[in-house]
file start36.cif (mmCIF, C-alpha atoms)
data_work
#
loop_
_atom_site.label_atom_id
_atom_site.label_comp_id
_atom_site.auth_asym_id
_atom_site.auth_seq_id
_atom_site.Cartn_x
_atom_site.Cartn_y
_atom_site.Cartn_z
CA ARG A 432 -27.47 -12.05 18.79
CA ILE A 433 -24.36 -12.54 16.69
CA LEU A 434 -21.03 -14.04 17.74
CA LEU A 435 -17.95 -12.00 16.91
CA HIS A 436 -16.55 -14.61 14.52
CA HIS A 437 -19.85 -14.68 12.61
CA GLY A 438 -19.90 -10.92 12.27
CA SER A 439 -17.12 -10.23 9.78
CA PRO A 440 -17.65 -7.69 6.96
CA ASN A 441 -17.70 -10.57 4.50
CA HIS A 442 -20.63 -12.03 6.41
CA PHE A 443 -22.38 -8.66 6.36
CA GLY A 444 -21.58 -8.27 2.65
CA SER A 445 -21.11 -4.53 3.04
CA LEU A 446 -17.51 -3.98 1.99
CA GLY A 447 -17.82 -5.17 -1.58
CA LYS A 448 -15.17 -6.90 -3.63
CA GLN A 449 -11.80 -6.64 -1.93
CA LYS A 450 -8.25 -6.44 -3.27
CA ARG A 451 -5.88 -9.14 -2.07
CA THR A 452 -4.00 -6.75 0.21
CA THR A 453 -7.24 -5.27 1.57
CA ALA A 454 -8.61 -8.72 2.36
CA ARG A 455 -5.36 -9.58 4.17
CA ASN A 456 -5.61 -6.37 6.21
CA TYR A 457 -9.21 -7.11 7.17
CA ALA A 458 -8.19 -10.62 8.17
CA ARG A 459 -5.53 -9.16 10.46
CA ALA A 460 -8.01 -6.77 12.07
CA ARG A 461 -10.48 -9.60 12.61
CA ARG A 462 -7.77 -11.81 14.14
CA LEU A 463 -6.82 -9.06 16.59
CA LEU A 464 -10.45 -8.52 17.62
CA GLU A 465 -10.88 -12.25 18.21
CA GLU A 466 -7.59 -12.39 20.14
CA PHE A 467 -8.69 -9.64 22.51
CA PHE A 468 -12.42 -10.36 22.86
CA SER A 469 -12.41 -14.13 22.08
CA ARG A 470 -14.17 -15.67 19.09
CA ASP A 471 -17.37 -16.37 21.02
CA ARG A 472 -17.94 -12.85 22.33
CA LEU A 473 -21.43 -11.58 21.53
CA LEU A 474 -21.37 -8.39 19.48
CA ASP A 475 -24.08 -6.73 21.55
CA SER A 476 -22.07 -7.34 24.73
CA ILE A 477 -19.15 -5.13 23.61
CA THR A 478 -19.37 -1.78 25.41
CA GLU A 479 -17.71 1.60 24.90
CA GLY A 480 -15.48 0.75 27.86
CA ASP A 481 -14.46 -2.46 26.10
CA ALA A 482 -13.59 -0.43 23.01
CA ASP A 483 -11.38 1.83 25.15
CA SER A 484 -9.67 -1.24 26.60
CA TYR A 485 -9.10 -2.63 23.11
CA LYS A 486 -7.42 0.60 22.06
CA ARG A 487 -5.11 0.49 25.10
CA TRP A 488 -4.26 -3.14 24.30
CA LEU A 489 -3.39 -2.27 20.71
CA LEU A 490 -1.16 0.61 21.82
CA ASP A 491 0.58 -1.66 24.34
CA ASN A 492 1.38 -4.23 21.67
CA TYR A 493 1.80 -2.34 18.40
CA ALA A 494 3.16 0.94 17.03
CA ALA A 495 0.76 3.87 17.36
CA ALA A 496 0.19 4.20 13.60
CA SER A 497 -0.50 0.48 13.24
CA ALA A 498 -2.84 0.52 16.24
CA SER A 499 -4.72 3.43 14.69
CA VAL A 500 -5.31 1.50 11.47
CA ASP A 501 -6.54 -1.59 13.31
CA LEU A 502 -8.82 0.51 15.50
CA ARG A 503 -10.36 2.14 12.43
CA ARG A 504 -11.06 -1.27 10.96
CA ALA A 505 -12.69 -2.43 14.19
CA ARG A 506 -14.92 0.65 13.99
CA GLN A 507 -15.73 -0.22 10.38
CA PHE A 508 -16.64 -3.81 11.30
CA LEU A 509 -19.02 -2.74 14.05
CA LYS A 510 -20.48 -0.01 11.85
CA ALA A 511 -21.41 -2.74 9.37
CA ALA A 512 -23.16 -4.59 12.19
CA VAL A 513 -25.17 -1.46 13.05
CA ARG A 514 -26.19 -0.95 9.42
CA HIS A 515 -27.48 -4.51 9.35
CA ARG A 516 -29.37 -3.91 12.61
CA LEU A 517 -27.45 -6.61 14.43
CA ILE A 518 -26.51 -4.17 17.22
CA PRO A 519 -28.15 -0.83 18.12
CA SER A 520 -24.99 1.29 18.23
CA ASN A 521 -21.27 1.16 17.52
CA PRO A 522 -19.18 1.04 20.73
CA PHE A 523 -16.13 2.25 18.80
CA ASP A 524 -17.80 5.45 17.54
CA SER A 525 -16.44 7.74 20.24
CA VAL A 526 -12.97 6.17 20.52
CA PRO A 527 -10.29 8.50 19.02
CA CYS A 528 -8.20 6.50 16.58
CA GLY A 529 -5.14 8.77 16.40
CA PRO A 530 -2.78 9.37 13.44
CA GLN A 531 -2.17 6.59 10.93
CA VAL A 532 1.28 7.84 9.97
CA ASN A 533 4.41 7.24 12.02
CA ASP A 534 6.58 10.30 11.37
CA GLU A 535 9.64 8.40 12.55
CA ARG A 536 9.29 6.03 9.58
CA ILE A 537 9.08 8.81 6.97
CA LYS A 538 12.44 9.18 5.25
CA TYR A 539 13.69 11.06 2.21
CA VAL A 540 15.64 8.75 -0.11
CA PRO A 541 18.19 10.69 -2.21
CA PRO A 542 18.32 9.91 -5.95
CA GLU A 543 22.00 8.95 -5.79
CA VAL A 544 21.23 6.29 -3.16
CA VAL A 545 18.65 4.65 -5.41
CA GLU A 546 20.97 4.89 -8.43
CA LYS A 547 23.58 3.00 -6.42
CA VAL A 548 21.02 0.29 -5.65
CA ILE A 549 19.98 0.15 -9.31
CA THR A 550 23.63 -0.42 -10.29
CA ALA A 551 23.66 -3.44 -7.96
CA CYS A 552 20.48 -4.90 -9.50
CA PRO A 553 20.93 -8.10 -11.56
CA ASP A 554 18.48 -7.30 -14.39
CA ASN A 555 16.17 -4.72 -15.95
CA ASP A 556 13.14 -5.90 -14.00
CA TRP A 557 14.80 -5.05 -10.71
CA ARG A 558 16.25 -1.81 -12.08
CA LEU A 559 12.79 -0.69 -13.13
CA ILE A 560 11.17 -1.77 -9.86
CA PHE A 561 13.38 0.75 -8.05
CA ALA A 562 13.40 3.37 -10.82
CA LEU A 563 9.62 3.44 -11.29
CA ALA A 564 9.06 3.88 -7.55
CA ARG A 565 11.70 6.56 -6.97
CA PHE A 566 11.68 8.45 -10.28
CA GLY A 567 8.09 7.84 -11.39
CA GLY A 568 6.16 7.74 -8.13
CA VAL A 569 4.61 4.39 -9.08
CA ARG A 570 3.11 2.23 -6.34
CA PHE A 571 4.72 -1.18 -5.84
CA PRO A 572 3.60 -3.85 -6.48
CA SER A 573 0.04 -3.04 -7.61
CA GLU A 574 0.83 -0.39 -10.25
CA VAL A 575 4.17 -1.82 -11.38
CA GLU A 576 2.76 -5.28 -12.07
CA SER A 577 0.00 -3.96 -14.36
CA LEU A 578 2.17 -1.57 -16.40
CA LYS A 579 2.31 -2.56 -20.09
CA TRP A 580 4.58 -1.36 -22.88
CA SER A 581 1.43 -0.21 -24.65
CA ASP A 582 0.94 2.21 -21.72
CA VAL A 583 4.20 3.99 -22.59
CA ASP A 584 3.83 6.95 -24.96
CA TRP A 585 7.37 7.64 -26.13
CA GLU A 586 6.30 10.43 -28.48
CA ASN A 587 4.71 12.49 -25.70
CA SER A 588 7.16 11.25 -23.03
CA THR A 589 4.42 9.95 -20.71
CA PHE A 590 3.09 6.65 -19.45
CA THR A 591 -0.32 5.65 -18.12
CA VAL A 592 -0.54 4.09 -14.67
CA HIS A 593 -3.51 1.91 -13.70
CA GLU A 594 -4.34 2.73 -10.09
CA LYS A 595 -5.69 -0.49 -8.63
CA LYS A 596 -5.57 0.87 -5.09
CA VAL A 597 -7.97 3.75 -5.77
CA GLU A 598 -9.88 2.60 -8.86
CA HIS A 599 -13.08 2.24 -6.81
CA HIS A 600 -13.14 6.01 -6.20
CA PRO A 601 -15.12 8.11 -8.73
CA GLY A 602 -12.87 9.67 -11.34
CA ARG A 603 -9.86 7.55 -10.34
CA GLY A 604 -8.35 4.40 -11.81
CA ARG A 605 -5.69 5.79 -14.11
CA ARG A 606 -3.25 8.67 -14.26
CA VAL A 607 -0.77 9.92 -16.85
CA VAL A 608 2.78 10.39 -15.57
CA PRO A 609 5.68 12.17 -17.32
CA ILE A 610 8.73 10.07 -18.16
CA PHE A 611 11.02 12.14 -15.97
CA THR A 612 14.66 12.61 -16.94
CA ALA A 613 15.95 10.29 -14.20
CA LEU A 614 13.54 7.53 -15.23
CA ARG A 615 14.00 7.65 -19.00
CA PRO A 616 17.39 5.83 -19.36
CA HIS A 617 16.19 2.91 -17.24
CA LEU A 618 12.92 2.65 -19.16
CA GLU A 619 14.64 2.93 -22.54
CA ARG A 620 17.19 0.25 -21.67
CA ALA A 621 14.47 -2.16 -20.57
CA PHE A 622 12.54 -1.43 -23.78
CA ARG A 623 15.59 -2.12 -25.97
CA GLU A 624 16.36 -5.37 -24.16
CA ARG A 625 12.80 -6.62 -23.71
CA ALA A 626 11.93 -10.18 -24.73
CA PRO A 627 10.23 -10.64 -28.13
CA GLY A 628 6.49 -10.10 -27.78
CA ALA A 629 6.82 -8.76 -24.23
CA VAL A 630 3.57 -7.22 -22.99
CA TYR A 631 4.38 -6.16 -19.44
CA VAL A 632 7.13 -3.73 -18.54
CA VAL A 633 8.15 -5.63 -15.39
CA PRO A 634 7.17 -9.31 -15.75
CA ARG A 635 8.88 -10.22 -12.47
CA ALA A 636 6.42 -8.05 -10.57
CA ARG A 637 3.60 -10.31 -11.80
CA ASN A 638 5.22 -13.66 -11.13
CA GLY A 639 7.54 -13.15 -8.18
CA SER A 640 7.00 -13.76 -4.48
CA ASN A 641 8.66 -12.11 -1.49
CA LEU A 642 9.71 -9.26 -3.78
CA ALA A 643 9.94 -6.79 -0.90
CA THR A 644 12.35 -9.11 0.91
CA HIS A 645 14.49 -9.51 -2.20
CA ALA A 646 14.44 -5.74 -2.71
CA LYS A 647 15.89 -5.20 0.78
CA ARG A 648 18.62 -7.71 -0.01
CA LEU A 649 19.56 -5.71 -3.09
CA VAL A 650 19.77 -2.55 -0.99
CA VAL A 651 22.13 -4.33 1.39
CA LYS A 652 24.11 -5.69 -1.57
CA ALA A 653 24.66 -2.10 -2.69
CA GLY A 654 26.22 -1.37 0.70
CA ILE A 655 23.28 0.69 1.97
CA GLU A 656 21.26 0.30 5.15
CA PRO A 657 17.64 -0.40 4.12
CA TRP A 658 15.37 2.52 4.93
CA PRO A 659 11.90 2.00 6.47
CA LYS A 660 8.85 1.54 4.23
CA LEU A 661 11.13 0.87 1.28
CA PHE A 662 8.80 1.65 -1.62
CA THR A 663 6.43 4.06 0.09
CA ASN A 664 9.33 6.34 0.99
CA MET A 665 10.73 6.21 -2.56
CA ARG A 666 7.34 7.27 -3.92
CA GLY A 667 7.12 10.03 -1.31
CA SER A 668 10.65 11.20 -2.15
CA CYS A 669 9.64 11.55 -5.80
CA SER A 670 6.80 13.80 -4.70
CA ASP A 671 9.17 15.79 -2.47
CA ASP A 672 11.53 16.43 -5.40
CA LEU A 673 8.69 17.75 -7.54
CA GLU A 674 7.55 20.04 -4.76
CA ARG A 675 11.07 21.41 -4.32
CA ALA A 676 11.24 21.98 -8.07
CA GLY A 677 8.27 24.33 -7.76
CA PHE A 678 5.47 22.22 -9.22
CA PRO A 679 2.04 23.00 -7.69
CA GLU A 680 0.64 20.45 -5.27
CA LYS A 681 -2.44 19.84 -7.44
CA ALA A 682 -0.27 18.87 -10.42
CA ILE A 683 1.92 16.59 -8.29
CA ASN A 684 -1.11 14.78 -6.85
CA ALA A 685 -2.61 14.39 -10.32
#
call {"tool": "encode", "arguments": {"input": "start36.cif", "output": "C-alpha cells"}}
result
Amino acid sequence: RILLHHGSPNHFGSLGKQKRTTARNYARARRLLEEFFSRDRLLDSITEGDADSYKRWLLDNYAAASASVDLRRARQFLKAAVRHRLIPSNPFDSVPCGPQVNDERIKYVPPEVVEKVITACPDNDWRLIFALARFGGVRFPSEVESLKWSDVDWENSTFTVHEKKVEHHPGRGRRVVPIFTALRPHLERAFRERAPGAVYVVPRARNGSNLATHAKRLVVKAGIEPWPKLFTNMRGSCSDDLERAGFPEKAINA
C-alpha cells in the first residue's frame, strides 16, 4: 500500500527524463492532488467517486482548460501506479477531462501590432524574441534559446529550429522554416550587429529570467494592452496568416 506522496511518477520511474517545464507542470499536478486528498492518502483508497469530486474541485478553483490539464496528469500518475501493480485499477479512467484549450484566450495578433512593439524594444535580442514568435512561428523560450547563427541558411532563405518540446517523438526534433519577408529585416539587422564570435541568435533568451514578464512590460511600453498567452498567440497568428495565404495545412504544420 503506497501513500500518495510516495507515488509520484518520478518514484515510479515511468515518465523518463523530463524537461524543466514538464517537471514543473508535474510538480503542480502533484501539489494539487496532495492538497485535495492529503499527502498521507493511500493510493488504493481513492475511488472513482473521489476522482469525480477531484474534478469538481478543480473546476471550482481553476479555469476549465487548466483543470482539464491537471486532471489528465492525475490520470497519468495513477496509470503509472497501475502499470507498477501498486493499485489494481485507475479511478480516473472513466472521468471525462474536457477540452484543454480555452477559446476565450485565443487571439489573433495583427502584424502591425507586433511591429509597434518591436519598435519599442531596446535591443536586437528583444526585437528578435517578438519577431521570431510572430513572423517565424518559433516557440518561446525553448526554441528561441537554442537557435544558433549556424542554423541560419541565408543562401536558401531558411533556418533550422531545434524542437525541444517534441524531440522525444519519432521523426521530430528539428524543422526547417522559411525566412519570411516580415522576419528577414529583423534577422538581418541582428546578424549585422551581432557581437564578435556570437554563437546564439538571441543570447538573452539563454541567460535571462522573468522574460515573459519583461515582454509584457514592453507591450505596455508600446501603448498596447497585453494579449493573453503572449507568445502562444503570436505563434498561432503566424500559422493563421499562412493559412489565409493559401498554404496547405500539412506544409504549415511541417
call {"tool": "residues_near_point", "arguments": {"input": "start36.cif", "point": "(13.9, -5.4, -17.0)", "cutoff": "6 Å", "atoms": "all atoms listed in the file", "output": "list of chain:residue names"}}
result
A:Asp554, A:Asn555, A:Asp556, A:Ala621, A:Val633
call {"tool": "write_last_selection", "arguments": {"input": "start36.cif", "atoms": "C-alpha atoms", "output": "PDB file, keeping the file's coordinate frame"}}
result
ATOM      1  CA  ASP A 554      18.480  -7.300 -14.390  1.00  0.00           C
ATOM      2  CA  ASN A 555      16.170  -4.720 -15.950  1.00  0.00           C
ATOM      3  CA  ASP A 556      13.140  -5.900 -14.000  1.00  0.00           C
ATOM      4  CA  ALA A 621      14.470  -2.160 -20.570  1.00  0.00           C
ATOM      5  CA  VAL A 633       8.150  -5.630 -15.390  1.00  0.00           C
TER       6      VAL A 633
END
call {"tool": "atom_distance", "arguments": {"input": "start36.cif", "atom1": "atom CA of A:Val632", "atom2": "atom CA of A:Pro542"}}
result
21.7 Å
call {"tool": "atom_distance", "arguments": {"input": "start36.cif", "atom1": "atom CA of A:His593", "atom2": "atom CA of A:Val608"}}
result
10.7 Å
call {"tool": "closest_residue", "arguments": {"input": "start36.cif", "among": "A:Ala454, A:Cys552, A:Leu490, A:Val544", "to": "A:Arg565", "atoms": "all atoms listed in the file"}}
result
A:Val544
call {"tool": "closest_residue", "arguments": {"input": "start36.cif", "among": "A:Gly480, A:Pro541, A:Pro553, A:Pro609", "to": "A:His645", "atoms": "only C-alpha atoms"}}
result
A:Pro553
call {"tool": "residues_around", "arguments": {"input": "start36.cif", "residues": "A:Ala685", "least_positions_apart": "4", "cutoff": "10 Å", "atoms": "all atoms listed in the file", "output": "short mmCIF file (atom, residue, chain, number, x, y, z; two decimals) with C-alpha atoms, in the coordinates of the input"}}
result
data_model
loop_
_atom_site.label_atom_id
_atom_site.label_comp_id
_atom_site.auth_asym_id
_atom_site.auth_seq_id
_atom_site.Cartn_x
_atom_site.Cartn_y
_atom_site.Cartn_z
CA ARG A 603 -9.86 7.55 -10.34
CA ARG A 605 -5.69 5.79 -14.11
CA ARG A 606 -3.25 8.67 -14.26
CA VAL A 607 -0.77 9.92 -16.85
CA VAL A 608 2.78 10.39 -15.57
CA GLU A 680 0.64 20.45 -5.27
CA LYS A 681 -2.44 19.84 -7.44
#
call {"tool": "resolve_selection", "arguments": {"input": "start36.cif", "expression": "the PyMOL selection byres ((chain A and resi 498) around 10)", "output": "PyMOL selection string"}}
result
chain A and resi 460+485-497+499-504+528-531
call {"tool": "residues_near_point", "arguments": {"input": "start36.cif", "point": "(21.1, -3.9, -10.0)", "cutoff": "12 Å", "atoms": "only C-alpha atoms", "output": "list in words"}}
result
Val545, Glu546, Lys547, Val548, Ile549, Thr550, Ala551, Cys552, Pro553, Asp554, Asn555, Asp556, Trp557, Arg558, Leu559, Ile560, Phe561, Ala562, His617, His645, Ala646, Arg648, Leu649, Val650, Val651, Lys652 and Ala653 of chain A
call {"tool": "resolve_selection", "arguments": {"input": "start36.cif", "expression": "the PyMOL selection byres ((chain A and resi 638) around 12)", "output": "PyMOL selection string"}}
result
chain A and resi 556+572+575-577+631+633-637+639-642
call {"tool": "atom_distance", "arguments": {"input": "start36.cif", "atom1": "atom CA of A:Ile537", "atom2": "atom CA of A:Leu563"}}
result
19.0 Å
call {"tool": "closest_residue", "arguments": {"input": "start36.cif", "among": "A:Arg461, A:Thr478, A:Arg536, A:Ser588", "to": "A:Thr612", "atoms": "all atoms listed in the file"}}
result
A:Ser588
call {"tool": "resolve_selection", "arguments": {"input": "start36.cif", "expression": "the PyMOL selection byres ((chain A and resi 539) around 6)", "output": "list of chain:residue names"}}
result
A:Lys538, A:Val540, A:Ser668
call {"tool": "axis_aligned_box", "arguments": {"input": "start36.cif", "around": "stretch 544-561 of chain A", "padding_each_side": "6 Å", "output": "lines of an AutoDock Vina configuration file"}}
result
center_x = 17.4
center_y = -0.9
center_z = -9.6
size_x = 24.5
size_y = 26.4
size_z = 24.8
call {"tool": "closest_residue", "arguments": {"input": "start36.cif", "among": "A:Arg462, A:Arg472, A:His515, A:Arg570", "to": "A:Cys669", "atoms": "all atoms listed in the file"}}
result
A:Arg570
